[in-house]
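Colleague: This is the content of coords-v4.txt (compact mmCIF, C-alpha atoms):
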# COMPACT_ATOMS: atom_id res chain seq x y z
CA MET A 85 0.00 0.00 0.00
CA GLU A 86 1.37 3.39 -0.99
CA LYS A 87 2.29 5.67 1.89
CA THR A 88 0.40 8.91 2.47
CA VAL A 89 1.90 12.32 3.27
CA LYS A 90 0.98 11.70 6.92
CA ASP A 91 2.88 8.38 6.87
CA HIS A 92 5.98 10.12 5.50
CA ILE A 93 5.75 12.85 8.16
CA ILE A 94 5.44 10.21 10.90
CA ASP A 95 8.50 8.34 9.55
CA THR A 96 10.47 11.59 9.48
CA LEU A 97 9.54 12.63 13.01
CA ASP A 98 10.31 9.11 14.21
CA ALA A 99 13.91 9.60 13.02
CA LEU A 100 14.34 12.48 15.50
CA ASP A 101 15.66 11.70 18.96
CA GLU A 102 13.86 12.96 22.07
CA ASP A 103 15.69 16.29 22.05
CA GLY A 104 15.13 16.73 18.31
CA LEU A 105 11.39 16.09 18.61
CA LYS A 106 11.17 18.62 21.46
CA ARG A 107 12.97 21.25 19.39
CA PHE A 108 10.66 20.49 16.45
CA LYS A 109 7.56 20.96 18.60
CA ASP A 110 8.96 24.13 20.20
CA GLU A 111 9.70 25.66 16.79
CA LEU A 112 6.35 24.53 15.37
CA GLY A 113 4.49 26.09 18.31
CA GLU A 114 6.12 29.46 17.53
CA THR A 115 5.41 29.34 13.79
CA THR A 116 2.47 30.99 12.04
CA ILE A 117 1.97 30.26 8.33
CA GLN A 118 -0.70 32.12 6.36
CA GLY A 119 -2.58 32.89 9.58
CA ARG A 120 -2.55 29.30 10.83
CA LYS A 121 -0.76 28.09 13.97
CA ILE A 122 -0.78 25.02 16.22
CA PRO A 123 -1.04 26.09 19.89
CA SER A 124 2.00 25.10 21.96
CA ARG A 125 -0.26 23.57 24.63
CA LYS A 126 -1.49 21.00 22.09
CA LEU A 127 2.06 20.10 21.11
CA LYS A 128 3.61 19.89 24.57
CA LYS A 129 2.55 16.30 25.38
CA ALA A 130 1.71 15.18 21.84
CA GLY A 131 3.42 12.10 20.45
CA ILE A 132 4.68 11.66 16.91
CA VAL A 133 1.36 10.46 15.51
CA GLU A 134 -0.52 13.30 17.25
CA VAL A 135 1.94 15.91 15.92
CA ALA A 136 1.55 14.54 12.38
CA GLY A 137 -2.22 14.68 12.78
CA LEU A 138 -2.11 18.27 13.93
CA LEU A 139 0.07 19.18 10.93
CA ILE A 140 -2.39 17.53 8.54
CA SER A 141 -5.50 19.10 10.09
CA THR A 142 -4.03 22.59 10.56
CA PHE A 143 -2.08 23.08 7.33
CA THR A 144 -4.18 21.16 4.79
CA LYS A 145 -4.38 24.17 2.44
CA THR A 146 -0.74 25.27 2.88
CA HIS A 147 0.47 21.65 2.65
CA PRO A 148 1.71 19.94 5.84
CA ALA A 149 4.82 18.47 4.20
CA GLU A 150 6.05 21.97 3.28
CA VAL A 151 5.53 23.13 6.85
CA THR A 152 7.36 20.07 8.23
CA ILE A 153 10.30 20.64 5.86
CA SER A 154 10.47 24.30 6.88
CA ILE A 155 10.53 23.44 10.61
CA LEU A 156 13.19 20.75 10.09
CA ASN A 157 15.39 23.28 8.29
CA ALA A 158 14.83 25.83 11.06
CA ILE A 159 16.17 23.38 13.68
CA ASN A 160 19.08 22.35 11.44
CA GLU A 161 17.74 18.90 10.52
CA VAL A 162 18.63 19.47 6.88
CA ASP A 163 19.15 15.79 5.99
CA LEU A 164 15.68 14.82 7.21
CA ALA A 165 14.16 17.84 5.45
CA GLU A 166 15.77 16.80 2.18
CA GLU A 167 14.61 13.17 2.60
CA LEU A 168 11.02 14.29 3.24
CA GLN A 169 11.14 16.63 0.28
CA GLY A 170 12.20 13.74 -1.96
CA LYS A 171 9.42 11.47 -0.66
CA THR A 172 6.66 14.08 -1.02
CA SER A 173 7.86 16.12 -4.02
CA ALA A 174 5.07 14.77 -6.22
CA ASP A 175 2.49 16.03 -3.72
CA LEU A 176 3.99 19.49 -3.17
CA PRO A 177 1.98 22.35 -4.70
CA THR A 178 3.46 24.17 -7.66
CA ARG A 179 3.69 27.93 -7.29
CA THR A 180 3.32 29.69 -10.63
CA PRO A 181 3.04 33.43 -10.12
CA SER A 182 3.27 35.52 -13.28
CA PRO A 183 6.81 36.89 -13.69
CA PRO A 184 7.36 40.56 -14.44
CA PRO A 185 7.39 40.99 -18.23
CA THR A 186 10.78 42.69 -18.36
CA ARG A 187 12.64 39.95 -16.43
CA LYS A 188 13.85 36.56 -17.64
CA TYR A 189 13.79 35.17 -14.10
CA ALA A 190 10.70 34.84 -11.97
CA MET A 191 11.43 36.57 -8.72
CA THR A 192 13.42 39.28 -6.96
CA LEU A 193 14.74 38.88 -3.41
CA LYS A 194 12.11 41.34 -2.22
CA GLU A 195 9.43 39.04 -3.66
CA LEU A 196 11.14 35.93 -2.28
CA LEU A 197 11.08 37.32 1.27
CA GLU A 198 7.27 37.43 1.00
CA GLU A 199 7.05 33.78 -0.05
CA PRO A 200 6.03 31.13 2.52
CA ALA A 201 8.65 28.77 3.93
CA GLY A 202 9.24 25.50 2.11
CA PRO A 203 10.54 24.17 -1.23
CA SER A 204 10.36 26.66 -4.10
CA ARG A 205 10.21 25.91 -7.80
CA ILE A 206 10.57 29.55 -8.80
CA PRO A 207 14.06 30.34 -10.18
CA ILE A 208 15.92 33.42 -9.03
CA GLU A 209 18.99 35.18 -10.39
CA LEU A 210 21.64 36.01 -7.78
CA LYS A 211 25.23 37.10 -7.48
CA VAL A 212 27.60 35.17 -5.20
CA MET A 213 29.07 37.85 -2.94
CA LYS A 214 30.91 35.86 -0.26
CA ILE A 215 31.61 32.19 0.52
CA GLU A 216 32.41 31.54 4.18
CA PRO A 217 34.69 28.71 5.43
CA PRO A 218 32.81 25.43 6.15
CA ILE A 219 31.02 25.06 9.50
CA THR A 220 31.32 21.59 11.10
CA PHE A 221 28.49 20.30 13.29
CA THR A 222 27.00 17.04 14.62
CA ASN A 223 23.48 16.09 13.50
CA GLN A 224 20.78 14.06 15.28
CA LYS A 225 22.28 10.79 14.00
CA ASN A 226 25.59 11.76 15.67
CA GLU A 227 27.15 12.21 12.24
CA THR A 228 29.70 14.95 11.61
CA LYS A 229 28.50 17.20 8.82
CA GLN A 230 29.63 20.40 7.15
CA VAL A 231 27.69 23.38 5.84
CA VAL A 232 28.91 26.44 3.96
CA VAL A 233 27.24 29.84 4.42
CA ILE A 234 27.02 31.88 1.21
CA THR A 235 26.00 35.52 0.87
CA PHE A 236 23.93 36.22 -2.25
CA ALA A 237 22.61 39.48 -3.67
CA ASP A 238 20.45 40.76 -6.46
CA PRO A 239 20.69 44.40 -7.64
CA THR A 240 18.88 45.81 -4.59
CA ASP A 241 18.86 43.25 -1.75
CA ILE A 242 20.88 40.58 0.05
CA ILE A 243 20.24 37.11 1.50
CA GLN A 244 22.24 34.22 2.89
CA GLY A 245 22.10 30.59 1.84
CA ARG A 246 23.49 27.43 3.38
CA LEU A 247 24.95 24.73 1.18
CA ASP A 248 24.88 21.19 2.60
CA ASP A 249 26.33 19.32 -0.37
CA MET A 250 30.08 19.94 -0.25
CA ALA A 251 30.51 18.48 -3.75
CA LYS A 252 28.59 21.48 -5.13
CA ILE A 253 30.88 24.13 -3.66
CA LYS A 254 33.16 23.87 -6.71
CA GLU A 255 30.27 25.12 -8.87
CA LEU A 256 30.27 28.46 -7.06
CA GLU A 257 32.76 31.29 -6.89
CA GLU A 258 32.60 34.84 -5.58
CA GLU A 259 31.40 37.50 -8.05
CA LYS A 260 29.76 34.83 -10.21
CA CYS A 261 26.13 35.43 -11.28
CA ILE A 262 23.90 32.36 -11.26
CA LEU A 263 20.33 31.24 -11.86
CA LEU A 264 19.23 29.26 -8.81
CA ARG A 265 16.60 26.49 -8.98
CA GLY A 266 15.35 23.84 -6.57
CA TYR A 267 16.13 25.58 -3.29
CA ILE A 268 14.22 25.64 0.01
CA ILE A 269 13.08 28.84 1.74
CA ALA A 270 13.72 28.60 5.50
CA LYS A 271 12.36 31.14 7.98
CA ASP A 272 13.65 31.67 11.52
CA THR A 273 10.69 33.45 13.10
CA LYS A 274 12.53 34.11 16.35
CA HIS A 275 15.29 36.17 14.72
CA GLN A 276 13.26 37.25 11.66
CA ILE A 277 15.78 35.66 9.31
CA THR A 278 15.02 34.16 5.90
CA THR A 279 17.68 31.90 4.36
CA LEU A 280 18.01 29.71 1.29
CA VAL A 281 18.75 26.02 1.84
CA LEU A 282 20.74 24.55 -1.04
CA THR A 283 20.64 20.75 -1.30
CA LYS A 284 21.68 17.99 -3.70
CA ARG A 285 18.61 18.85 -5.79
CA THR A 286 19.56 22.53 -6.13
CA LYS A 287 20.72 23.52 -9.61
CA PHE A 288 23.11 26.36 -10.50
CA SER A 289 23.58 27.77 -13.97
CA THR A 290 25.73 30.71 -15.02
CA THR A 291 23.86 33.81 -16.14
CA ALA A 292 24.71 37.30 -17.38
CA SER A 293 26.66 39.45 -14.95
CA PHE A 294 25.01 42.34 -13.14
CA ASP A 295 25.97 44.97 -10.57
CA VAL A 296 24.58 45.37 -7.06
CA SER A 297 23.77 48.70 -5.48
CA SER A 298 26.10 50.60 -3.16
CA GLU A 299 23.56 50.08 -0.36
CA VAL A 300 23.91 46.31 -0.69
CA LEU A 301 27.71 46.55 -0.60
CA GLU A 302 27.50 48.74 2.50
CA ARG A 303 25.29 46.20 4.28
CA MET A 304 28.00 43.58 3.84
CA GLN A 305 30.52 45.67 5.78
CA PRO A 306 31.13 45.08 9.52
CA VAL A 307 29.01 47.25 11.81
CA PRO A 308 30.93 49.54 14.22
CA LEU A 309 30.64 48.08 17.71
CA ILE A 310 29.16 51.31 19.06
CA LYS A 311 26.07 50.54 16.93
CA ALA A 312 25.90 46.81 17.73
CA ASN A 313 24.06 47.19 21.05
CA THR A 314 21.91 50.14 20.01
CA ARG A 315 20.39 48.80 16.80
CA ARG A 316 16.66 48.11 16.88
CA ALA A 317 16.45 45.52 14.14
CA LYS A 318 16.85 41.85 15.00
CA LYS A 319 18.43 41.08 11.65
CA PRO A 320 21.94 39.57 11.84
CA ILE A 321 25.04 41.70 11.37
CA THR A 322 28.78 41.25 10.92
CA ILE A 323 31.15 42.71 13.50
CA GLU A 324 34.90 42.72 13.97
CA GLY A 325 37.38 43.75 16.63
CA LYS A 326 40.14 42.65 19.00
CA ILE A 327 39.33 40.15 21.76
CA THR A 328 40.09 41.63 25.18
CA SER A 329 38.84 38.73 27.34
CA VAL A 330 37.56 35.16 26.97
CA GLY A 331 35.35 33.65 29.67
CA LYS A 332 34.98 30.04 30.72
CA VAL A 333 32.45 27.70 29.15
CA GLU A 334 29.18 27.71 31.09
CA ARG A 335 25.98 25.71 30.66
CA VAL A 336 22.59 27.36 30.43
CA THR A 337 19.09 26.02 29.90
CA GLU A 338 17.62 26.54 26.44
CA LYS A 339 14.15 25.12 25.83
CA GLY A 340 14.66 22.58 28.61
CA ASN A 341 18.15 21.48 27.49
CA LYS A 342 21.58 22.36 28.91
CA VAL A 343 23.77 23.94 26.23
CA PRO A 344 27.30 25.43 26.43
CA ILE A 345 27.96 29.15 26.08
CA LYS A 346 31.08 31.30 26.36
CA ASN A 347 31.23 35.08 26.80
CA ILE A 348 33.98 37.10 25.18
CA THR A 349 34.56 40.84 24.95
CA ILE A 350 35.80 42.53 21.81
CA ARG A 351 36.63 46.13 21.03
CA ASP A 352 37.17 48.33 18.01
CA SER A 353 37.94 52.04 17.74
CA THR A 354 34.34 52.94 18.69
CA ALA A 355 33.38 50.72 21.64
CA GLN A 356 33.77 47.46 23.56
CA ILE A 357 30.95 44.89 23.70
CA LYS A 358 30.18 41.43 25.04
CA LEU A 359 29.53 38.62 22.56
CA THR A 360 28.03 35.30 23.64
CA LEU A 361 29.19 32.22 21.73
CA TRP A 362 26.66 29.37 21.67
CA LYS A 363 27.07 25.60 21.40
CA ASP A 364 29.67 24.55 18.78
CA LYS A 365 31.02 28.10 18.60
CA THR A 366 32.41 27.71 22.15
CA ARG A 367 35.00 25.26 20.74
CA ILE A 368 36.51 27.75 18.29
CA PRO A 369 40.17 28.31 19.31
CA ILE A 370 40.39 32.04 20.05
CA GLN A 371 42.24 33.98 22.72
CA PRO A 372 42.74 37.54 24.01
CA GLY A 373 44.64 39.61 21.47
CA ASP A 374 43.10 37.88 18.44
CA TYR A 375 41.41 40.15 15.91
CA ILE A 376 38.22 38.44 14.71
CA GLU A 377 35.38 38.86 12.25
CA ALA A 378 32.06 37.39 13.43
CA THR A 379 29.13 36.98 11.04
CA ASN A 380 25.40 36.42 11.59
CA ILE A 381 25.39 38.04 15.03
CA VAL A 382 21.90 38.65 16.42
CA LEU A 383 20.62 40.88 19.19
CA ASN A 384 18.33 39.17 21.71
CA SER A 385 15.61 40.68 23.88
CA TYR A 386 18.18 41.50 26.59
CA LEU A 387 20.17 43.61 24.08
CA SER A 388 22.98 41.05 24.12
CA ASN A 389 24.89 40.06 20.99
CA ASN A 390 24.82 36.32 20.27
CA THR A 391 26.03 33.84 17.67
CA THR A 392 23.60 31.62 15.77
CA TRP A 393 24.40 28.23 14.27
CA LEU A 394 25.03 30.04 10.95
CA SER A 395 27.64 32.35 12.51
CA THR A 396 31.26 32.14 11.44
CA ILE A 397 34.21 33.44 13.45
CA GLN A 398 37.50 34.04 11.67
CA VAL A 399 40.80 35.29 13.10
CA LYS A 400 42.12 38.05 10.86
CA GLU A 401 45.18 40.26 10.74
CA ASP A 402 44.89 43.17 13.15
CA PRO A 403 44.61 46.43 11.15
CA GLU A 404 46.21 48.31 14.07
CA LYS A 405 49.37 46.23 13.64
CA ASN A 406 49.34 46.94 9.91
CA ASN A 407 49.11 50.67 10.64
CA SER A 408 51.99 50.39 13.12
CA ARG A 409 54.13 48.55 10.58
CA SER A 410 53.33 51.18 7.97
CA LYS A 411 54.39 53.97 10.34
CA VAL A 412 57.63 52.15 11.24
CA THR A 413 58.40 51.45 7.58
CA GLY A 414 57.66 55.06 6.68
CA THR A 415 59.92 56.35 9.47
CA ALA A 416 62.74 53.98 8.47
CA THR A 417 62.49 55.04 4.82
CA ALA A 418 62.55 58.72 5.76
CA THR A 419 65.61 58.17 8.00
CA ALA A 420 67.41 56.27 5.24
CA SER A 421 66.65 59.04 2.73
CA CYS A 422 67.94 61.65 5.14
CA SER A 423 71.16 59.68 5.70
CA ASN A 424 71.74 59.37 1.98
CA ALA A 425 71.09 63.05 1.48
CA CYS A 426 73.47 63.98 4.26
As structure tokens, what does this structure read like?
Modeller:
Amino acid sequence: MEKTVKDHIIDTLDALDEDGLKRFKDELGETTIQGRKIPSRKLKKAGIVEVAGLLISTFTKTHPAEVTISILNAINEVDLAEELQGKTSADLPTRTPSPPPTRKYAMTLKELLEEPAGPSRIPIELKVMKIEPPITFTNQKNETKQVVVITFADPTDIIQGRLDDMAKIKELEEEKCILLRGYIIAKDTKHQITTLVLTKRTKFSTTASFDVSSEVLERMQPVPLIKANTRRAKKPITIEGKITSVGKVERVTEKGNKVPIKNITIRDSTAQIKLTLWKDKTRIPIQPGDYIEATNIVLNSYLSNNTTWLSTIQVKEDPEKNNSRSKVTGTATATASCSNAC
């Protein structure tokens, strides 16, 4: 007997461990899609079959498989999301909005941000702006995986994607313009972040080059630390500065689970701030005196700067040292010139 969408959802949820199922239910209870939401109280003690039933009954019109895939991506269960997408792809609704007549591709980033979470069949033309170093993490099956965070842009906006298939990284390079197909739209409602999930089914093809606006380029630059704690928006930012102190690893409770955190302080020419590293980021080898760039930093409700699982932290060359070397070199050259003249 052929399995139904509900059967596939049950199989997928059954592959989660106890902690994974709890995170799924927590995220689902905070998610509203097209005005529909499952109350957290109904999910709290619900088993796998009950959760699948609630997904079917609540999101019949918006398609429960799409919602499940979106939630799995939000809690970093990308492998399970991709498996479910493959099993239910024939049942997923096809979105066919009319493209603007003057464009060869169907959607701008502004339009994409208004799309619901889930698999998208609408192509979009983007420019690869930055490819971050791979992030290593452990999934629910205790397997070590890698993901690469990529910054994309169109002429007027910017978005980040995460690539899970390392074999595909060779198809991308910075400054290359591509037509993207077969991606998944993931929405983090807590931090108001929309990302693109690129899987084995995602297709890239080279397209005509285009320029991005100066505003987009400016948004890619690190934010001065004096503005990091005072910004109102929850959207992630990039910051950089010199580490002045590194705290010990502590354990805090997050959604009923103990997770490691580490507080560090960094400074630039404008201010000094505290940055909290979460989970895997606490294992990054950094020390006082290192000059770092930290991406995807979010501001929580306590006005504290925090890493997310998409954050990258790179040790860079300290620009202050470069300035010092330049001054020393300039002084030495001037002295040598004076000696020769004399």
Colleague: So, with only C-alpha atoms as the atoms that count, which of A:Gly202, A:Met191, A:Asn160, A:Val382 lies closest to Thr222 in chain A?
Modeller: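 Selected residue with least distance to Thr222 in chain A: A:Asn160.
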Colleague: Find the spatial neighbours of range 102-110 of chain A, counting all atoms listed in the file, within a cut-off of 10 Å - ignore same-chain residues fewer than 4 positions away - and output them as a ChimeraX atom specification.
Modeller: /A:97-98,114-115,122,124,126-132,135,152,155-161,223-224,338-341
Colleague: Mind giving me the axis-aligned box for range 336-339 of chain A with 5 Å on every side, centre plus edges in Å to one decimal, as lines of an AutoDock Vina configuration file?
Modeller:
center_x = 18.4
center_y = 26.2
center_z = 28.1
size_x = 18.4
size_y = 12.2
size_z = 14.6
Colleague: Interatomic distance between CA of Val296 in chain A and CA of Ile234 in chain A?
Modeller: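 About the pair CA of Val296 in chain A and CA of Ile234 in chain A: they are 16.0 Å apart.
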Colleague: Quote the spacing between CA of Gly245 in chain A and CA of Leu282 in chain A in Å to one decimal place.
Modeller: 6.8 Å
Colleague: Mind giving me the straight-line distance from CA of Leu164 in chain A to CA of Ile345 in chain A in Å, one decimal?
Modeller: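 Here the two named atoms are 26.7 Å from each other.
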Colleague: Using all atoms listed in the file, can you list as a ChimeraX atom specification the residues within 10 Å of (16.3, 25.6, -5.6)?
Modeller: /A:203-208,263-269,280-288
Colleague: With distances taken over all atoms listed in the file, which residue among A:Ala99, A:Val233, A:Ile93, A:Ile397 lies nearest Glu134 in chain A?
Modeller: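 Of A:Ala99, A:Val233, A:Ile93, A:Ile397, the one nearest Glu134 in chain A, counting all atoms listed in the file, is A:Ile93.
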Colleague: Between A:Ala292, A:Ile348, A:Ile357, A:Leu193, which is the closest to Thr314 in chain A once you count only C-alpha atoms?
Modeller: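 Looking at the shortest contact to Thr314 in chain A, the residue is A:Ile357.
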Colleague: May I ask which of the residues A:Asn384, A:Ser293, A:Thr96, A:Thr142 is the closest one to Gly170 in chain A, counting all atoms listed in the file?
Modeller: A:Thr96
Colleague: Which residues are near Leu197 in chain A? Cut-off 10 Å, all atoms listed in the file, ignore same chain within fewer than 6 positions. Put them as number ranges by chain.
Modeller: A: 243, 269, 271, 277-279
Colleague: Export, as an mmCIF file, keeping the file's coordinate frame, the selected residues with C-alpha atoms.
Modeller:
data_model
loop_
_atom_site.group_PDB
_atom_site.id
_atom_site.type_symbol
_atom_site.label_atom_id
_atom_site.label_comp_id
_atom_site.auth_asym_id
_atom_site.auth_seq_id
_atom_site.Cartn_x
_atom_site.Cartn_y
_atom_site.Cartn_z
ATOM 1 C CA ILE A 243 20.240 37.110 1.500
ATOM 2 C CA ILE A 269 13.080 28.840 1.740
ATOM 3 C CA LYS A 271 12.360 31.140 7.980
ATOM 4 C CA ILE A 277 15.780 35.660 9.310
ATOM 5 C CA THR A 278 15.020 34.160 5.900
ATOM 6 C CA THR A 279 17.680 31.900 4.360
#
Colleague: Which one is closest to Leu210 in chain A: A:Ile262, A:Val231, A:Ile242, A:Ile376? Count only C-alpha atoms.
Modeller: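 Smallest distance to Leu210 in chain A is found for A:Ile262.
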Colleague: Kindly indicate which residue among A:Asp364, A:Asp163, A:Glu150, A:Asp352 lies nearest to Leu100 in chain A, using all atoms listed in the file for the distances.
Modeller: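 Counting all atoms listed in the file, the residue closest to Leu100 in chain A is A:Asp163.
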Colleague: Can you tell me which residues surround Ser353 in chain A at a distance of at most 9 Å, considering all atoms listed in the file, apart from same-chain residues fewer than 4 positions away, and format the answer as a count of residues only?
Modeller: 4
Colleague: List as a tab-separated table every residue of range 194-232 of chain A that is in contact with range 391-394 of chain A, defined as an atom at most 10 Å from one of its atoms (using only C-alpha atoms), together with the nearest atom pair and the distance in Å rounded to one decimal, sorted by chain and then rising number.
Modeller:
residue	atom	partner	partner_atom	distance
A:Ile219	CA	A:Leu394	CA	7.9
A:Phe221	CA	A:Trp393	CA	9.0
A:Val231	CA	A:Leu394	CA	8.8
A:Val232	CA	A:Leu394	CA	8.8
